[in-house]
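Chemist: Got structure.cif for you, mmCIF, C-alpha atoms:
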data_my_file
loop_
_atom_site.group_PDB
_atom_site.id
_atom_site.type_symbol
_atom_site.label_atom_id
_atom_site.label_comp_id
_atom_site.auth_asym_id
_atom_site.auth_seq_id
_atom_site.Cartn_x
_atom_site.Cartn_y
_atom_site.Cartn_z
ATOM 1 C CA MET A 1 -57.545 -8.510 44.749
ATOM 2 C CA ARG A 2 -58.642 -11.549 42.809
ATOM 3 C CA VAL A 3 -56.708 -12.297 39.620
ATOM 4 C CA SER A 4 -58.729 -14.128 37.014
ATOM 5 C CA SER A 5 -57.377 -17.246 35.329
ATOM 6 C CA GLU A 6 -57.671 -15.426 32.000
ATOM 7 C CA THR A 7 -55.225 -12.729 33.181
ATOM 8 C CA LEU A 8 -52.796 -15.392 34.366
ATOM 9 C CA PHE A 9 -53.180 -17.190 31.043
ATOM 10 C CA ARG A 10 -52.343 -14.043 29.040
ATOM 11 C CA SER A 11 -49.369 -13.339 31.299
ATOM 12 C CA ALA A 12 -47.978 -16.843 30.862
ATOM 13 C CA THR A 13 -48.518 -16.718 27.096
ATOM 14 C CA GLY A 14 -46.737 -13.353 26.844
ATOM 15 C CA ALA A 15 -43.810 -14.641 28.876
ATOM 16 C CA MET A 16 -43.415 -17.664 26.598
ATOM 17 C CA GLN A 17 -43.543 -15.531 23.476
ATOM 18 C CA GLY A 18 -40.993 -13.095 24.875
ATOM 19 C CA HIS A 19 -38.614 -15.866 25.881
ATOM 20 C CA ASN A 20 -39.083 -17.557 22.512
ATOM 21 C CA GLY A 21 -38.129 -14.344 20.673
ATOM 22 C CA THR A 22 -35.046 -13.956 22.843
ATOM 23 C CA LEU A 23 -34.075 -17.584 22.237
ATOM 24 C CA VAL A 24 -34.358 -17.157 18.466
ATOM 25 C CA GLN A 25 -32.253 -13.988 18.597
ATOM 26 C CA LEU A 26 -29.558 -15.621 20.730
ATOM 27 C CA GLN A 27 -29.448 -18.684 18.495
ATOM 28 C CA GLU A 28 -29.027 -16.449 15.435
ATOM 29 C CA GLN A 29 -26.234 -14.524 17.158
ATOM 30 C CA ILE A 30 -24.420 -17.738 18.079
ATOM 31 C CA GLY A 31 -24.928 -19.300 14.656
ATOM 32 C CA SER A 32 -23.834 -16.247 12.640
ATOM 33 C CA GLY A 33 -21.272 -14.860 15.066
ATOM 34 C CA ARG A 34 -22.855 -11.387 14.769
ATOM 35 C CA ARG A 35 -24.772 -9.441 17.404
ATOM 36 C CA PHE A 36 -27.026 -7.844 14.816
ATOM 37 C CA HIS A 37 -27.692 -8.130 11.100
ATOM 38 C CA HIS A 38 -29.713 -4.991 10.362
ATOM 39 C CA ALA A 39 -29.102 -1.385 11.304
ATOM 40 C CA HIS A 40 -32.523 -1.000 12.967
ATOM 41 C CA GLU A 41 -31.596 -3.694 15.492
ATOM 42 C CA ALA A 42 -28.821 -1.509 16.946
ATOM 43 C CA PRO A 43 -28.749 1.915 15.232
ATOM 44 C CA ALA A 44 -25.875 3.462 17.207
ATOM 45 C CA ALA A 45 -23.680 0.373 16.933
ATOM 46 C CA ALA A 46 -24.490 -0.014 13.241
ATOM 47 C CA ALA A 47 -23.450 3.583 12.555
ATOM 48 C CA SER A 48 -20.098 2.999 14.264
ATOM 49 C CA VAL A 49 -19.610 -0.261 12.372
ATOM 50 C CA MET A 50 -20.206 1.479 9.039
ATOM 51 C CA GLU A 51 -17.740 4.224 9.924
ATOM 52 C CA TRP A 52 -15.033 1.812 11.045
ATOM 53 C CA GLU A 53 -15.541 -0.529 8.103
ATOM 54 C CA ALA A 54 -15.114 2.481 5.812
ATOM 55 C CA ALA A 55 -11.873 3.286 7.636
ATOM 56 C CA GLN A 56 -10.694 -0.285 7.094
ATOM 57 C CA ALA A 57 -11.572 -0.060 3.397
ATOM 58 C CA ARG A 58 -9.557 3.148 3.152
ATOM 59 C CA ILE A 59 -6.567 1.456 4.792
ATOM 60 C CA ALA A 60 -6.888 -1.470 2.376
ATOM 61 C CA ALA A 61 -6.887 0.984 -0.546
ATOM 62 C CA GLN A 62 -3.808 2.682 0.884
ATOM 63 C CA ALA A 63 -2.086 -0.701 1.181
ATOM 64 C CA GLY A 64 -2.834 -1.475 -2.466
ATOM 65 C CA ALA A 65 -1.517 1.919 -3.542
ATOM 66 C CA ALA A 66 1.587 1.454 -1.378
ATOM 67 C CA ASP A 67 2.266 -1.904 -3.020
ATOM 68 C CA ARG A 68 2.194 -0.266 -6.441
ATOM 69 C CA VAL A 69 4.493 2.521 -5.264
ATOM 70 C CA GLN A 70 6.874 -0.007 -3.741
ATOM 71 C CA HIS A 71 6.967 -1.964 -6.987
ATOM 72 C CA ARG A 72 7.726 1.180 -8.986
ATOM 73 C CA LEU A 73 10.343 2.417 -6.510
ATOM 74 C CA GLY A 74 11.922 -1.026 -6.423
ATOM 75 C CA MET A 75 12.307 -0.961 -10.194
ATOM 76 C CA THR A 76 13.599 2.611 -9.955
ATOM 77 C CA GLU A 77 16.180 1.519 -7.421
ATOM 78 C CA ALA A 78 17.303 -1.320 -9.693
ATOM 79 C CA ALA A 79 17.569 1.085 -12.648
ATOM 80 C CA LEU A 80 19.655 3.510 -10.596
ATOM 81 C CA ASP A 81 21.955 0.672 -9.545
ATOM 82 C CA ASP A 82 22.427 -0.223 -13.198
ATOM 83 C CA ALA A 83 23.052 3.435 -14.009
ATOM 84 C CA GLN A 84 25.738 3.621 -11.333
ATOM 85 C CA VAL A 85 27.500 0.584 -12.797
ATOM 86 C CA MET A 86 27.408 2.177 -16.243
ATOM 87 C CA ILE A 87 28.664 5.566 -15.122
ATOM 88 C CA ASP A 88 31.455 3.935 -13.117
ATOM 89 C CA ARG A 89 32.486 2.075 -16.268
ATOM 90 C CA VAL A 90 32.555 5.307 -18.278
ATOM 91 C CA ARG A 91 34.776 6.862 -15.635
ATOM 92 C CA GLU A 92 37.133 3.877 -15.791
ATOM 93 C CA GLN A 93 37.391 4.261 -19.566
ATOM 94 C CA LEU A 94 38.166 7.964 -19.263
ATOM 95 C CA LEU A 95 40.866 7.340 -16.673
ATOM 96 C CA SER A 96 42.295 4.604 -18.847
ATOM 97 C CA GLY A 97 42.267 6.920 -21.859
ATOM 98 C CA ARG A 98 44.294 9.547 -19.973
ATOM 99 C CA SER A 99 47.196 7.122 -19.581
ATOM 100 C CA ASP A 100 50.141 7.844 -21.853
ATOM 101 C CA THR A 101 50.648 4.117 -22.281
ATOM 102 C CA ARG A 102 47.452 3.904 -24.321
ATOM 103 C CA SER A 103 47.735 4.003 -28.114
ATOM 104 C CA ASP A 104 45.305 5.816 -30.384
ATOM 105 C CA SER A 105 43.800 2.470 -31.397
ATOM 106 C CA ASP A 106 43.303 1.615 -27.717
ATOM 107 C CA ARG A 107 41.448 4.878 -27.186
ATOM 108 C CA ILE A 108 39.263 4.189 -30.197
ATOM 109 C CA LEU A 109 38.212 0.922 -28.567
ATOM 110 C CA LEU A 110 37.530 2.745 -25.303
ATOM 111 C CA ALA A 111 35.483 5.348 -27.180
ATOM 112 C CA ASP A 112 33.492 2.602 -28.916
ATOM 113 C CA GLU A 113 32.612 1.119 -25.518
ATOM 114 C CA VAL A 114 31.546 4.513 -24.195
ATOM 115 C CA ALA A 115 29.359 4.955 -27.287
ATOM 116 C CA GLY A 116 27.708 1.621 -26.531
ATOM 117 C CA LEU A 117 27.204 2.671 -22.911
ATOM 118 C CA ALA A 118 25.605 5.910 -24.127
ATOM 119 C CA ARG A 119 23.078 3.907 -26.140
ATOM 120 C CA ASP A 120 22.394 1.716 -23.112
ATOM 121 C CA TRP A 121 22.079 4.874 -21.002
ATOM 122 C CA LEU A 122 19.252 6.169 -23.192
ATOM 123 C CA GLN A 123 17.484 2.819 -22.995
ATOM 124 C CA LEU A 124 17.849 2.830 -19.234
ATOM 125 C CA ALA A 125 16.500 6.396 -19.004
ATOM 126 C CA ASN A 126 13.416 5.170 -20.921
ATOM 127 C CA ARG A 127 13.023 1.955 -18.923
ATOM 128 C CA ASP A 128 9.398 1.196 -18.018
ATOM 129 C CA ASN A 129 7.763 -0.359 -14.965
ATOM 130 C CA GLY A 130 6.649 -3.529 -16.740
ATOM 131 C CA SER A 131 3.234 -2.058 -17.530
ATOM 132 C CA GLY A 132 4.312 0.298 -20.285
ATOM 133 C CA GLU A 133 4.811 3.354 -18.059
ATOM 134 C CA ALA A 134 8.205 5.049 -18.155
ATOM 135 C CA LEU A 135 9.867 4.998 -14.730
ATOM 136 C CA PHE A 136 11.382 8.445 -15.118
ATOM 137 C CA ALA A 137 8.609 10.321 -16.964
ATOM 138 C CA GLY A 138 6.853 11.577 -13.826
ATOM 139 C CA THR A 139 3.168 12.002 -14.615
ATOM 140 C CA GLY A 140 3.913 12.129 -18.334
ATOM 141 C CA LEU A 141 2.816 9.474 -20.797
ATOM 142 C CA GLY A 142 5.052 7.684 -23.270
ATOM 143 C CA ALA A 143 8.843 7.751 -23.325
ATOM 144 C CA ALA A 144 10.745 9.879 -20.839
ATOM 145 C CA PHE A 145 13.428 10.974 -23.364
ATOM 146 C CA ASP A 146 13.670 11.375 -27.092
ATOM 147 C CA ALA A 147 16.449 9.898 -29.222
ATOM 148 C CA ASN A 148 18.699 12.903 -28.548
ATOM 149 C CA GLY A 149 18.233 12.814 -24.781
ATOM 150 C CA GLY A 150 15.632 15.585 -24.679
ATOM 151 C CA TYR A 151 13.295 15.203 -21.720
ATOM 152 C CA LEU A 152 9.677 14.482 -22.676
ATOM 153 C CA GLY A 153 8.226 13.781 -19.247
ATOM 154 C CA SER A 154 6.829 16.005 -16.520
ATOM 155 C CA THR A 155 8.797 17.646 -13.733
ATOM 156 C CA VAL A 156 6.520 16.249 -11.007
ATOM 157 C CA ALA A 157 5.801 12.713 -9.843
ATOM 158 C CA ARG A 158 2.424 11.321 -8.808
ATOM 159 C CA GLN A 159 1.635 11.774 -5.121
ATOM 160 C CA VAL A 160 0.081 8.624 -3.656
ATOM 161 C CA GLU A 161 -1.639 8.280 -0.280
ATOM 162 C CA VAL A 162 -0.034 5.381 1.595
ATOM 163 C CA ALA A 163 -1.365 6.170 5.091
ATOM 164 C CA ASP A 164 -3.697 8.694 6.666
ATOM 165 C CA GLY A 165 -2.102 12.100 6.211
ATOM 166 C CA GLN A 166 0.891 10.695 4.330
ATOM 167 C CA GLN A 167 1.514 10.916 0.599
ATOM 168 C CA LEU A 168 4.642 9.803 -1.242
ATOM 169 C CA PRO A 169 5.902 10.439 -4.792
ATOM 170 C CA ASP A 170 5.759 7.172 -6.704
ATOM 171 C CA GLY A 171 9.029 7.751 -8.535
ATOM 172 C CA LEU A 172 11.743 10.153 -9.671
ATOM 173 C CA THR A 173 11.502 12.497 -12.624
ATOM 174 C CA GLY A 174 14.078 12.100 -15.357
ATOM 175 C CA ASP A 175 15.115 15.744 -15.363
ATOM 176 C CA ARG A 176 16.489 15.275 -11.835
ATOM 177 C CA VAL A 177 18.259 11.979 -12.511
ATOM 178 C CA PHE A 178 19.580 12.452 -16.047
ATOM 179 C CA GLY A 179 19.343 16.218 -16.452
ATOM 180 C CA ASP A 180 21.666 19.065 -15.542
ATOM 181 C CA ALA A 181 24.975 17.947 -14.038
ATOM 182 C CA GLY A 182 27.729 20.497 -14.021
ATOM 183 C CA GLY A 183 26.270 22.641 -16.763
ATOM 184 C CA GLN A 184 24.848 20.061 -19.173
ATOM 185 C CA ASP A 185 22.836 16.865 -19.066
ATOM 186 C CA SER A 186 24.170 13.326 -18.715
ATOM 187 C CA PHE A 187 23.664 12.528 -22.398
ATOM 188 C CA ALA A 188 25.864 15.464 -23.383
ATOM 189 C CA TRP A 189 28.555 14.360 -20.918
ATOM 190 C CA LEU A 190 28.585 10.854 -22.357
ATOM 191 C CA ALA A 191 28.941 12.302 -25.842
ATOM 192 C CA ALA A 192 31.770 14.526 -24.542
ATOM 193 C CA ALA A 193 33.476 11.497 -22.996
ATOM 194 C CA GLU A 194 33.387 9.624 -26.299
ATOM 195 C CA ALA A 195 34.664 12.652 -28.242
ATOM 196 C CA ALA A 196 37.493 13.189 -25.772
ATOM 197 C CA LEU A 197 38.674 9.613 -26.190
ATOM 198 C CA ARG A 198 38.662 9.987 -29.986
ATOM 199 C CA ASP A 199 40.625 13.236 -29.922
ATOM 200 C CA ALA A 200 43.990 12.560 -31.599
ATOM 201 C CA ASP A 201 45.742 15.683 -30.271
ATOM 202 C CA PRO A 202 47.350 14.937 -26.873
ATOM 203 C CA ALA A 203 47.030 18.491 -25.521
ATOM 204 C CA THR A 204 43.355 18.986 -26.322
ATOM 205 C CA ARG A 205 42.596 15.367 -25.487
ATOM 206 C CA HIS A 206 43.879 15.681 -21.908
ATOM 207 C CA ALA A 207 41.854 18.847 -21.310
ATOM 208 C CA ALA A 208 38.753 17.249 -22.838
ATOM 209 C CA LEU A 209 39.199 14.086 -20.776
ATOM 210 C CA ASP A 210 39.545 16.127 -17.569
ATOM 211 C CA ALA A 211 36.394 18.079 -18.397
ATOM 212 C CA ALA A 212 34.509 14.863 -19.227
ATOM 213 C CA LEU A 213 35.662 13.287 -15.953
ATOM 214 C CA ALA A 214 34.344 16.284 -14.007
ATOM 215 C CA GLY A 215 31.034 16.044 -15.847
ATOM 216 C CA ILE A 216 30.737 12.289 -15.263
ATOM 217 C CA ASP A 217 31.435 12.865 -11.569
ATOM 218 C CA ALA A 218 28.589 15.406 -11.497
ATOM 219 C CA VAL A 219 26.315 12.818 -13.140
ATOM 220 C CA ALA A 220 27.372 10.342 -10.443
ATOM 221 C CA GLU A 221 26.425 12.889 -7.768
ATOM 222 C CA ASN A 222 22.951 13.170 -9.288
ATOM 223 C CA LEU A 223 22.667 9.392 -9.195
ATOM 224 C CA SER A 224 23.783 9.305 -5.561
ATOM 225 C CA ARG A 225 21.117 11.809 -4.550
ATOM 226 C CA ALA A 226 18.486 9.907 -6.535
ATOM 227 C CA ARG A 227 19.431 6.633 -4.878
ATOM 228 C CA THR A 228 19.260 8.268 -1.448
ATOM 229 C CA ASP A 229 15.827 9.732 -2.227
ATOM 230 C CA THR A 230 14.579 6.356 -3.409
ATOM 231 C CA GLY A 231 15.893 4.619 -0.297
ATOM 232 C CA ASN A 232 14.230 7.219 1.930
ATOM 233 C CA ARG A 233 10.918 6.702 0.179
ATOM 234 C CA LEU A 234 11.158 2.935 0.528
ATOM 235 C CA ASN A 235 11.853 3.410 4.245
ATOM 236 C CA ALA A 236 8.839 5.717 4.468
ATOM 237 C CA LEU A 237 6.738 2.978 2.861
ATOM 238 C CA ASP A 238 7.873 0.566 5.571
ATOM 239 C CA ARG A 239 6.838 3.041 8.268
ATOM 240 C CA ALA A 240 3.490 3.577 6.555
ATOM 241 C CA ALA A 241 2.946 -0.194 6.453
ATOM 242 C CA THR A 242 3.608 -0.393 10.195
ATOM 243 C CA TRP A 243 1.065 2.369 10.806
ATOM 244 C CA ARG A 244 -1.549 0.679 8.615
ATOM 245 C CA GLU A 245 -1.082 -2.653 10.368
ATOM 246 C CA GLY A 246 -1.531 -1.031 13.775
ATOM 247 C CA ALA A 247 -4.547 1.020 12.727
ATOM 248 C CA ASP A 248 -6.198 -1.965 11.056
ATOM 249 C CA ALA A 249 -5.612 -4.132 14.137
ATOM 250 C CA GLN A 250 -7.219 -1.507 16.390
ATOM 251 C CA LEU A 251 -10.198 -1.164 14.064
ATOM 252 C CA SER A 252 -10.602 -4.935 13.842
ATOM 253 C CA LEU A 253 -10.594 -5.224 17.635
ATOM 254 C CA ALA A 254 -13.114 -2.398 18.038
ATOM 255 C CA LEU A 255 -15.357 -3.889 15.353
ATOM 256 C CA SER A 256 -15.172 -7.321 16.944
ATOM 257 C CA ARG A 257 -16.230 -5.950 20.320
ATOM 258 C CA LEU A 258 -19.100 -4.029 18.800
ATOM 259 C CA ARG A 259 -20.269 -6.365 16.056
ATOM 260 C CA ASP A 260 -19.237 -9.924 16.912
ATOM 261 C CA THR A 261 -21.087 -12.206 19.303
ATOM 262 C CA ASP A 262 -19.524 -12.915 22.693
ATOM 263 C CA LEU A 263 -20.107 -16.654 22.505
ATOM 264 C CA ILE A 264 -19.611 -17.280 26.242
ATOM 265 C CA ASP A 265 -22.017 -14.494 27.207
ATOM 266 C CA ALA A 266 -24.525 -15.532 24.547
ATOM 267 C CA ALA A 267 -24.385 -19.180 25.635
ATOM 268 C CA THR A 268 -24.966 -18.141 29.260
ATOM 269 C CA GLN A 269 -27.947 -16.001 28.246
ATOM 270 C CA LEU A 270 -29.259 -18.852 26.109
ATOM 271 C CA ALA A 271 -29.147 -21.253 29.053
ATOM 272 C CA GLN A 272 -30.837 -18.742 31.356
ATOM 273 C CA THR A 273 -33.524 -17.901 28.818
ATOM 274 C CA SER A 274 -34.126 -21.601 28.134
ATOM 275 C CA ALA A 275 -34.657 -22.170 31.859
ATOM 276 C CA GLN A 276 -37.024 -19.211 32.011
ATOM 277 C CA GLN A 277 -38.879 -20.542 28.973
ATOM 278 C CA SER A 278 -39.273 -23.940 30.627
ATOM 279 C CA ALA A 279 -40.643 -22.267 33.759
ATOM 280 C CA ALA A 280 -43.050 -20.193 31.680
ATOM 281 C CA GLN A 281 -44.245 -23.316 29.839
ATOM 282 C CA THR A 282 -44.837 -25.089 33.159
ATOM 283 C CA ALA A 283 -46.810 -22.121 34.431
ATOM 284 C CA TYR A 284 -48.784 -22.029 31.203
ATOM 285 C CA LEU A 285 -49.739 -25.690 31.524
ATOM 286 C CA GLN A 286 -50.800 -25.204 35.115
ATOM 287 C CA ILE A 287 -52.917 -22.173 34.288
ATOM 288 C CA SER A 288 -54.424 -23.992 31.317
ATOM 289 C CA SER A 289 -55.482 -26.849 33.615
ATOM 290 C CA LEU A 290 -57.115 -24.421 36.062
ATOM 291 C CA SER A 291 -58.948 -22.671 33.251
ATOM 292 C CA LEU A 292 -60.279 -25.973 31.902
ATOM 293 C CA PHE A 293 -61.395 -27.018 35.401
ATOM 294 C CA ASP A 294 -63.323 -23.736 35.813
ATOM 295 C CA ARG A 295 -65.119 -24.277 32.535
ATOM 296 C CA LEU A 296 -66.072 -27.853 33.436
ATOM 297 C CA ARG A 297 -67.281 -27.028 36.931
#
Could you rewrite the structure in this file as structure tokens?
Modeler:
Amino acid sequence: MRVSSETLFRSATGAMQGHNGTLVQLQEQIGSGRRFHHAHEAPAAAASVMEWEAAQARIAAQAGAADRVQHRLGMTEAALDDAQVMIDRVREQLLSGRSDTRSDSDRILLADEVAGLARDWLQLANRDNGSGEALFAGTGLGAAFDANGGYLGSTVARQVEVADGQQLPDGLTGDRVFGDAGGQDSFAWLAAAEAALRDADPATRHAALDAALAGIDAVAENLSRARTDTGNRLNALDRAATWREGADAQLSLALSRLRDTDLIDAATQLAQTSAQQSAAQTAYLQISSLSLFDRLR
């Protein structure tokens, strides 16, 4: 079957146009580092990219939330450490006040120090996170305690998502830390400790000091549990960070394979397509010469 020069001409022209389009696409992929720029170019891959990028954005949001929780828990931990120092000092003063070698004036000085510690205790219970939010108010707004030690906050802490399927409370509520300890709250025990040291009657003073010591020990137990809880939550944050890093690395690798240009493969295709384009151009020139000869003959 005879093939006309016009058919050959159209075939050669189509081949050049096809190779030229492929060359442009490969050059764009190499220059941008992306296999595609619009969803219609690769619908299935684009859908996966959108899903995985959304997963990465969620992980980034979790990381930001975890940083805020860690900051708050770190300040909580520091406050609890300060509270432990204070309560240990109160205990020392009570033990010192029980000694028969202490004079009434000595005990007055001890009581004055305990009174100062009680004021500091209230300030500590109302300590904020540096942004005006009380550390121990839970989800409540404003101060955690009133001037008499009455709790103003909520009994629940904010739950924050720090990893997929994992939420952590962002702090401790004041009713747990400073509330009931052996029948009354920590503020009442500090007041009882001061009153016991000021008691001038030896018989009632010793009984009052023993009761205050028991109450202060109960307050210390509350602090110990709170410090353990805080440490456990900080450890949980570390585990969540490890999970996020691993999940983000897997998503990044999957996205790179799907979205990013394989430069070696693209360069190989570019060289092959360039060679094919050169061959098509040669064929085009040859066919063009034949067509011109036919018209002149």
Chemist: Can you tell me which residues surround segment 208-224 of chain A at a distance of at most 8 Å, considering only C-alpha atoms, apart from same-chain residues fewer than 4 positions away, and format the answer as an mmCIF file with C-alpha atoms, keeping the file's coordinate frame?
Modeler:
data_model
loop_
_atom_site.group_PDB
_atom_site.id
_atom_site.type_symbol
_atom_site.label_atom_id
_atom_site.label_comp_id
_atom_site.auth_asym_id
_atom_site.auth_seq_id
_atom_site.Cartn_x
_atom_site.Cartn_y
_atom_site.Cartn_z
ATOM 1 C CA LEU A 80 19.655 3.510 -10.596
ATOM 2 C CA ALA A 83 23.052 3.435 -14.009
ATOM 3 C CA GLN A 84 25.738 3.621 -11.333
ATOM 4 C CA ILE A 87 28.664 5.566 -15.122
ATOM 5 C CA VAL A 90 32.555 5.307 -18.278
ATOM 6 C CA ARG A 91 34.776 6.862 -15.635
ATOM 7 C CA LEU A 94 38.166 7.964 -19.263
ATOM 8 C CA LEU A 95 40.866 7.340 -16.673
ATOM 9 C CA GLY A 97 42.267 6.920 -21.859
ATOM 10 C CA ARG A 98 44.294 9.547 -19.973
ATOM 11 C CA ARG A 176 16.489 15.275 -11.835
ATOM 12 C CA VAL A 177 18.259 11.979 -12.511
ATOM 13 C CA PHE A 178 19.580 12.452 -16.047
ATOM 14 C CA ALA A 181 24.975 17.947 -14.038
ATOM 15 C CA GLY A 182 27.729 20.497 -14.021
ATOM 16 C CA ASP A 185 22.836 16.865 -19.066
ATOM 17 C CA SER A 186 24.170 13.326 -18.715
ATOM 18 C CA TRP A 189 28.555 14.360 -20.918
ATOM 19 C CA LEU A 190 28.585 10.854 -22.357
ATOM 20 C CA ALA A 192 31.770 14.526 -24.542
ATOM 21 C CA ALA A 193 33.476 11.497 -22.996
ATOM 22 C CA ALA A 196 37.493 13.189 -25.772
ATOM 23 C CA LEU A 197 38.674 9.613 -26.190
ATOM 24 C CA THR A 204 43.355 18.986 -26.322
ATOM 25 C CA THR A 228 19.260 8.268 -1.448
#
Chemist: Tell me which protein, DNA and RNA residues are within 12 Å of Ala54 of chain A, counting all atoms listed in the file, leaving out same-chain ones fewer than 6 positions away, and put them as an mmCIF file with C-alpha atoms, in the frame of the given file.
Modeler:
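What ended up in result_15.cif:
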data_model
loop_
_atom_site.group_PDB
_atom_site.id
_atom_site.type_symbol
_atom_site.label_atom_id
_atom_site.label_comp_id
_atom_site.auth_asym_id
_atom_site.auth_seq_id
_atom_site.Cartn_x
_atom_site.Cartn_y
_atom_site.Cartn_z
ATOM 1 C CA ALA A 47 -23.450 3.583 12.555
ATOM 2 C CA SER A 48 -20.098 2.999 14.264
ATOM 3 C CA ALA A 60 -6.888 -1.470 2.376
ATOM 4 C CA ALA A 61 -6.887 0.984 -0.546
ATOM 5 C CA ASP A 248 -6.198 -1.965 11.056
ATOM 6 C CA LEU A 251 -10.198 -1.164 14.064
ATOM 7 C CA SER A 252 -10.602 -4.935 13.842
ATOM 8 C CA LEU A 255 -15.357 -3.889 15.353
#
Chemist: If you count only C-alpha atoms, which residues fall within 10 Å of Leu122 of chain A, apart from same-chain ones fewer than 5 positions away, as a PDB file with C-alpha atoms, in the frame of the given file?
Modeler:
ATOM      1  CA  LEU A 117      27.204   2.671 -22.911  1.00  0.00           C
ATOM      2  CA  ARG A 127      13.023   1.955 -18.923  1.00  0.00           C
ATOM      3  CA  ALA A 144      10.745   9.879 -20.839  1.00  0.00           C
ATOM      4  CA  PHE A 145      13.428  10.974 -23.364  1.00  0.00           C
ATOM      5  CA  ASP A 146      13.670  11.375 -27.092  1.00  0.00           C
ATOM      6  CA  ALA A 147      16.449   9.898 -29.222  1.00  0.00           C
ATOM      7  CA  ASN A 148      18.699  12.903 -28.548  1.00  0.00           C
ATOM      8  CA  GLY A 149      18.233  12.814 -24.781  1.00  0.00           C
ATOM      9  CA  PHE A 178      19.580  12.452 -16.047  1.00  0.00           C
ATOM     10  CA  SER A 186      24.170  13.326 -18.715  1.00  0.00           C
ATOM     11  CA  PHE A 187      23.664  12.528 -22.398  1.00  0.00           C
TER      12      PHE A 187
END
Chemist: Kindly list the centre and edge lengths in Å, rounded to one decimal, for the axis-aligned box that covers all listed atoms of segment 113-131 of chain A plus 5 Å on each of its six sides, as AutoDock Vina command-line options.
Modeler:
--center_x 17.9 --center_y 1.4 --center_z -21.1 --size_x 39.4 --size_y 19.9 --size_z 22.3
Chemist: Which residue, A:Thr173, A:Ser105, A:Gln62, A:Ser99, has the smallest gap to Ala247 of chain A when you use all atoms listed in the file?
Modeler: A:Gln62
Chemist: Go ahead and compute the interatomic distance for atom CA of Asp201 of chain A and atom CA of Glu92 of chain A, in Å to one decimal.
Modeler: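 Atom-to-atom, atom CA of Asp201 of chain A and atom CA of Glu92 of chain A are spaced 20.6 Å apart.
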Chemist: Work out how far atom CA of Trp121 of chain A is from atom CA of Asp82 of chain A, in Å to one decimal.
Modeler: 9.3 Å
Chemist: Rounded to one decimal, what separation in Å do you get between atom CA of Asp164 of chain A and atom CA of Ala236 of chain A?
Modeler: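 Result for atom CA of Asp164 of chain A versus atom CA of Ala236 of chain A: 13.1 Å, one decimal.
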Chemist: Identify all residues satisfying the PyMOL selection byres ((chain A and resi 169) around 7) in the given file; provide them as JSON, numbers by chain.
Modeler: {"A": [157, 158, 159, 160, 167, 168, 170, 171]}
Chemist: Can you tell me, as a ChimeraX atom specification, what residues are no more than 10 Å from Asp199 of chain A when counting all atoms listed in the file, ignoring any on the same chain fewer than 3 positions away?
Modeler: /A:104,107-108,111,194-196,202-206,208-209
Chemist: Using the chain letters and numbers from this file, what does the PyMOL selection byres ((chain A and resi 242-246) around 12) select? Give the answer as a ChimeraX atom specification.
Modeler: /A:55-64,66,161-166,235-241,247-253
Chemist: Once N, CA and C atoms are restored for segment 225-236 of chain A, what would the output be as an mmCIF file, keeping the file's coordinate frame?
Modeler:
data_model
loop_
_atom_site.group_PDB
_atom_site.id
_atom_site.type_symbol
_atom_site.label_atom_id
_atom_site.label_comp_id
_atom_site.auth_asym_id
_atom_site.auth_seq_id
_atom_site.Cartn_x
_atom_site.Cartn_y
_atom_site.Cartn_z
ATOM 1 N N ARG A 225 22.272 11.157 -5.186
ATOM 2 C CA ARG A 225 21.117 11.809 -4.550
ATOM 3 C C ARG A 225 19.822 11.070 -4.879
ATOM 4 N N ALA A 226 19.692 10.627 -6.130
ATOM 5 C CA ALA A 226 18.486 9.907 -6.535
ATOM 6 C C ALA A 226 18.360 8.589 -5.789
ATOM 7 N N ARG A 227 19.466 7.902 -5.600
ATOM 8 C CA ARG A 227 19.431 6.633 -4.878
ATOM 9 C C ARG A 227 19.081 6.855 -3.407
ATOM 10 N N THR A 228 19.598 7.939 -2.834
ATOM 11 C CA THR A 228 19.260 8.268 -1.448
ATOM 12 C C THR A 228 17.778 8.587 -1.316
ATOM 13 N N ASP A 229 17.250 9.392 -2.249
ATOM 14 C CA ASP A 229 15.827 9.732 -2.227
ATOM 15 C C ASP A 229 14.964 8.479 -2.329
ATOM 16 N N THR A 230 15.351 7.587 -3.225
ATOM 17 C CA THR A 230 14.579 6.356 -3.409
ATOM 18 C C THR A 230 14.613 5.505 -2.149
ATOM 19 N N GLY A 231 15.790 5.380 -1.540
ATOM 20 C CA GLY A 231 15.893 4.619 -0.297
ATOM 21 C C GLY A 231 15.054 5.224 0.809
ATOM 22 N N ASN A 232 15.038 6.554 0.904
ATOM 23 C CA ASN A 232 14.230 7.219 1.930
ATOM 24 C C ASN A 232 12.741 6.962 1.713
ATOM 25 N N ARG A 233 12.334 6.950 0.465
ATOM 26 C CA ARG A 233 10.918 6.702 0.179
ATOM 27 C C ARG A 233 10.541 5.256 0.485
ATOM 28 N N LEU A 234 11.429 4.333 0.190
ATOM 29 C CA LEU A 234 11.158 2.935 0.528
ATOM 30 C C LEU A 234 11.074 2.752 2.047
ATOM 31 N N ASN A 235 11.931 3.464 2.779
ATOM 32 C CA ASN A 235 11.853 3.410 4.245
ATOM 33 C C ASN A 235 10.543 4.017 4.741
ATOM 34 N N ALA A 236 10.111 5.099 4.099
ATOM 35 C CA ALA A 236 8.839 5.717 4.468
ATOM 36 C C ALA A 236 7.677 4.766 4.207
#
